[in-house]
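*Asks:* My questions all concern the structure below.
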Amino acid sequence: MELKLKTESASVKLTTKNDNVHFKTLVKAYELATGTELKLNGIKPSRPEPKPNKPATDRGGVKTITDDLTPDSTPGWHEPVKTKLMCPYCGNNAVTTVWYGNKFMKCPKCGEKVRLEGATSRWGVPDQHGFYYKAQEVWRDYQAEQADDNLLKAMKAKMEENNAK
(Lines give C-alpha, C1' and ligand atoms only; values in the text may rest on other atoms or scores of the structure.)
Protein backbone atom coordinates (compact mmCIF):
# COMPACT_ATOMS: atom_id res chain seq x y z
CA MET A 1 0.00 0.00 0.00
CA GLU A 2 1.18 3.49 -0.73
CA LEU A 3 -0.28 6.66 0.79
CA LYS A 4 0.76 10.16 -0.25
CA LEU A 5 -0.41 13.26 1.61
CA LYS A 6 0.70 16.64 0.33
CA THR A 7 -0.02 20.19 1.45
CA GLU A 8 1.62 23.48 0.51
CA SER A 9 4.09 23.22 3.38
CA ALA A 10 4.65 19.46 3.86
CA SER A 11 4.51 16.11 2.14
CA VAL A 12 4.23 12.65 3.72
CA LYS A 13 4.64 9.34 1.89
CA LEU A 14 3.78 6.07 3.65
CA THR A 15 4.70 2.79 1.95
CA THR A 16 3.93 -0.67 3.37
CA LYS A 17 4.41 -4.19 2.08
CA ASN A 18 0.83 -5.20 2.88
CA ASP A 19 -2.51 -3.50 3.51
CA ASN A 20 -2.48 -4.21 7.24
CA VAL A 21 -1.99 -0.63 8.51
CA HIS A 22 -3.42 0.51 11.82
CA PHE A 23 -5.88 3.39 11.76
CA LYS A 24 -3.78 5.37 14.23
CA THR A 25 -0.82 5.20 11.82
CA LEU A 26 -2.94 6.77 9.09
CA VAL A 27 -4.09 9.48 11.52
CA LYS A 28 -0.48 10.28 12.48
CA ALA A 29 0.48 10.56 8.77
CA TYR A 30 -2.43 12.98 8.25
CA GLU A 31 -1.40 15.02 11.28
CA LEU A 32 2.21 15.24 10.03
CA ALA A 33 1.14 16.44 6.60
CA THR A 34 -1.47 18.97 7.72
CA GLY A 35 0.03 20.11 11.02
CA THR A 36 -3.32 19.76 12.77
CA GLU A 37 -4.07 17.32 15.52
CA LEU A 38 -7.16 15.17 15.16
CA LYS A 39 -9.25 14.40 18.21
CA LEU A 40 -10.30 10.78 18.11
CA ASN A 41 -13.28 9.64 20.11
CA GLY A 42 -11.87 6.16 20.71
CA ILE A 43 -14.41 4.51 18.44
CA LYS A 44 -12.81 2.25 15.91
CA PRO A 45 -13.96 2.61 12.30
CA SER A 46 -16.67 0.08 11.62
CA ARG A 47 -16.96 -2.36 8.75
CA PRO A 48 -20.19 -4.06 7.79
CA GLU A 49 -20.43 -7.50 9.28
CA PRO A 50 -20.72 -10.32 6.76
CA LYS A 51 -24.08 -12.04 6.48
CA PRO A 52 -23.87 -15.38 8.27
CA ASN A 53 -24.51 -18.33 5.98
CA LYS A 54 -27.29 -20.65 7.02
CA PRO A 55 -25.96 -24.20 6.83
CA ALA A 56 -27.59 -26.29 4.11
CA THR A 57 -28.52 -29.93 4.38
CA ASP A 58 -25.36 -31.94 3.71
CA ARG A 59 -25.49 -33.26 0.14
CA GLY A 60 -21.80 -33.18 -0.57
CA GLY A 61 -21.74 -29.39 -0.35
CA VAL A 62 -24.40 -28.86 -3.05
CA LYS A 63 -27.74 -27.18 -2.29
CA THR A 64 -30.88 -28.57 -3.86
CA ILE A 65 -34.56 -27.67 -4.11
CA THR A 66 -35.41 -29.60 -0.93
CA ASP A 67 -33.38 -27.17 1.21
CA ASP A 68 -35.29 -24.50 3.11
CA LEU A 69 -35.85 -21.58 0.70
CA THR A 70 -36.02 -18.68 3.11
CA PRO A 71 -34.27 -15.43 2.10
CA ASP A 72 -31.33 -16.43 4.31
CA SER A 73 -30.99 -19.78 2.54
CA THR A 74 -29.56 -18.39 -0.69
CA PRO A 75 -26.14 -19.90 -1.33
CA GLY A 76 -23.14 -18.15 0.13
CA TRP A 77 -20.56 -16.50 -2.08
CA HIS A 78 -18.49 -19.18 -3.84
CA GLU A 79 -20.57 -22.00 -2.40
CA PRO A 80 -20.83 -24.90 -4.89
CA VAL A 81 -24.26 -25.12 -6.56
CA LYS A 82 -25.78 -27.52 -9.08
CA THR A 83 -25.55 -26.43 -12.75
CA LYS A 84 -26.92 -27.85 -16.01
CA LEU A 85 -24.30 -27.50 -18.78
CA MET A 86 -25.19 -27.63 -22.48
CA CYS A 87 -21.94 -26.46 -24.14
CA PRO A 88 -22.58 -24.49 -27.36
CA TYR A 89 -19.07 -25.31 -28.60
CA CYS A 90 -18.74 -29.08 -28.23
CA GLY A 91 -22.28 -30.20 -27.34
CA ASN A 92 -21.28 -31.51 -23.91
CA ASN A 93 -24.42 -32.09 -21.81
CA ALA A 94 -23.55 -32.55 -18.16
CA VAL A 95 -24.67 -31.86 -14.63
CA THR A 96 -21.88 -30.14 -12.75
CA THR A 97 -21.26 -27.73 -9.90
CA VAL A 98 -19.91 -24.19 -10.03
CA TRP A 99 -19.31 -21.58 -7.39
CA TYR A 100 -22.30 -19.36 -6.66
CA GLY A 101 -21.65 -15.84 -7.90
CA ASN A 102 -19.69 -16.78 -11.01
CA LYS A 103 -20.73 -15.28 -14.34
CA PHE A 104 -19.20 -17.96 -16.57
CA MET A 105 -17.70 -21.43 -16.39
CA LYS A 106 -15.27 -23.38 -18.54
CA CYS A 107 -16.59 -26.51 -20.22
CA PRO A 108 -14.76 -29.49 -18.69
CA LYS A 109 -14.64 -31.18 -22.10
CA CYS A 110 -13.43 -28.42 -24.49
CA GLY A 111 -12.30 -25.68 -22.07
CA GLU A 112 -14.32 -22.88 -23.72
CA LYS A 113 -16.08 -20.22 -21.61
CA VAL A 114 -19.86 -20.66 -21.30
CA ARG A 115 -22.16 -17.97 -19.82
CA LEU A 116 -23.99 -18.82 -16.60
CA GLU A 117 -27.65 -17.79 -16.36
CA GLY A 118 -30.00 -18.19 -13.45
CA ALA A 119 -32.08 -21.35 -13.74
CA THR A 120 -35.11 -19.38 -12.53
CA SER A 121 -36.16 -15.76 -12.77
CA ARG A 122 -34.85 -15.16 -9.23
CA TRP A 123 -31.14 -15.40 -8.52
CA GLY A 124 -30.25 -17.75 -5.70
CA VAL A 125 -33.42 -19.84 -6.11
CA PRO A 126 -33.12 -23.27 -7.75
CA ASP A 127 -35.50 -24.65 -10.36
CA GLN A 128 -37.66 -27.76 -9.85
CA HIS A 129 -34.65 -30.02 -10.55
CA GLY A 130 -32.36 -28.26 -8.07
CA PHE A 131 -30.30 -26.33 -10.66
CA TYR A 132 -29.19 -22.85 -9.68
CA TYR A 133 -27.57 -22.13 -13.06
CA LYS A 134 -27.91 -23.19 -16.64
CA ALA A 135 -24.92 -22.79 -18.94
CA GLN A 136 -25.83 -22.88 -22.62
CA GLU A 137 -24.71 -19.62 -24.26
CA VAL A 138 -21.34 -18.44 -25.52
CA TRP A 139 -19.56 -16.16 -23.04
CA ARG A 140 -19.06 -12.68 -24.46
CA ASP A 141 -16.92 -10.20 -22.59
CA TYR A 142 -17.67 -6.48 -22.38
CA GLN A 143 -15.66 -5.55 -25.51
CA ALA A 144 -17.44 -8.16 -27.64
CA GLU A 145 -20.84 -6.94 -26.44
CA GLN A 146 -19.90 -3.33 -27.18
CA ALA A 147 -18.69 -4.25 -30.69
CA ASP A 148 -21.98 -6.06 -31.37
CA ASP A 149 -24.00 -3.13 -30.03
CA ASN A 150 -22.05 -0.65 -32.18
CA LEU A 151 -22.53 -2.82 -35.28
CA LEU A 152 -26.26 -3.08 -34.58
CA LYS A 153 -26.55 0.70 -34.16
CA ALA A 154 -24.69 1.26 -37.44
CA MET A 155 -26.98 -1.21 -39.23
CA LYS A 156 -30.10 0.50 -37.83
CA ALA A 157 -28.80 3.92 -38.86
CA LYS A 158 -28.09 2.65 -42.39
CA MET A 159 -31.60 1.14 -42.64
CA GLU A 160 -33.19 4.39 -41.46
CA GLU A 161 -31.07 6.31 -43.97
CA ASN A 162 -32.19 4.01 -46.80
CA ASN A 163 -35.84 4.16 -45.70
CA ALA A 164 -35.72 7.97 -45.62
CA LYS A 165 -34.78 8.13 -49.32
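If you're wondering about the labels, chains in the C-alpha coordinates are A, B, ... by order shown, residues count from 1 in each chain, ligands from 1 in order shown.
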Which residues come within 12 Å of Asn18 in chain A, counting only C-alpha atoms, excluding same-chain residues fewer than 4 positions away, as a PyMOL selection string?
*Replies:* chain A and resi 1-2+14+22
*Asks:* By how many Å are CA of Lys109 in chain A and CA of Glu145 in chain A apart?
*Replies:*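 Value for the CA of Lys109 in chain A-CA of Glu145 in chain A distance: 25.4 Å.
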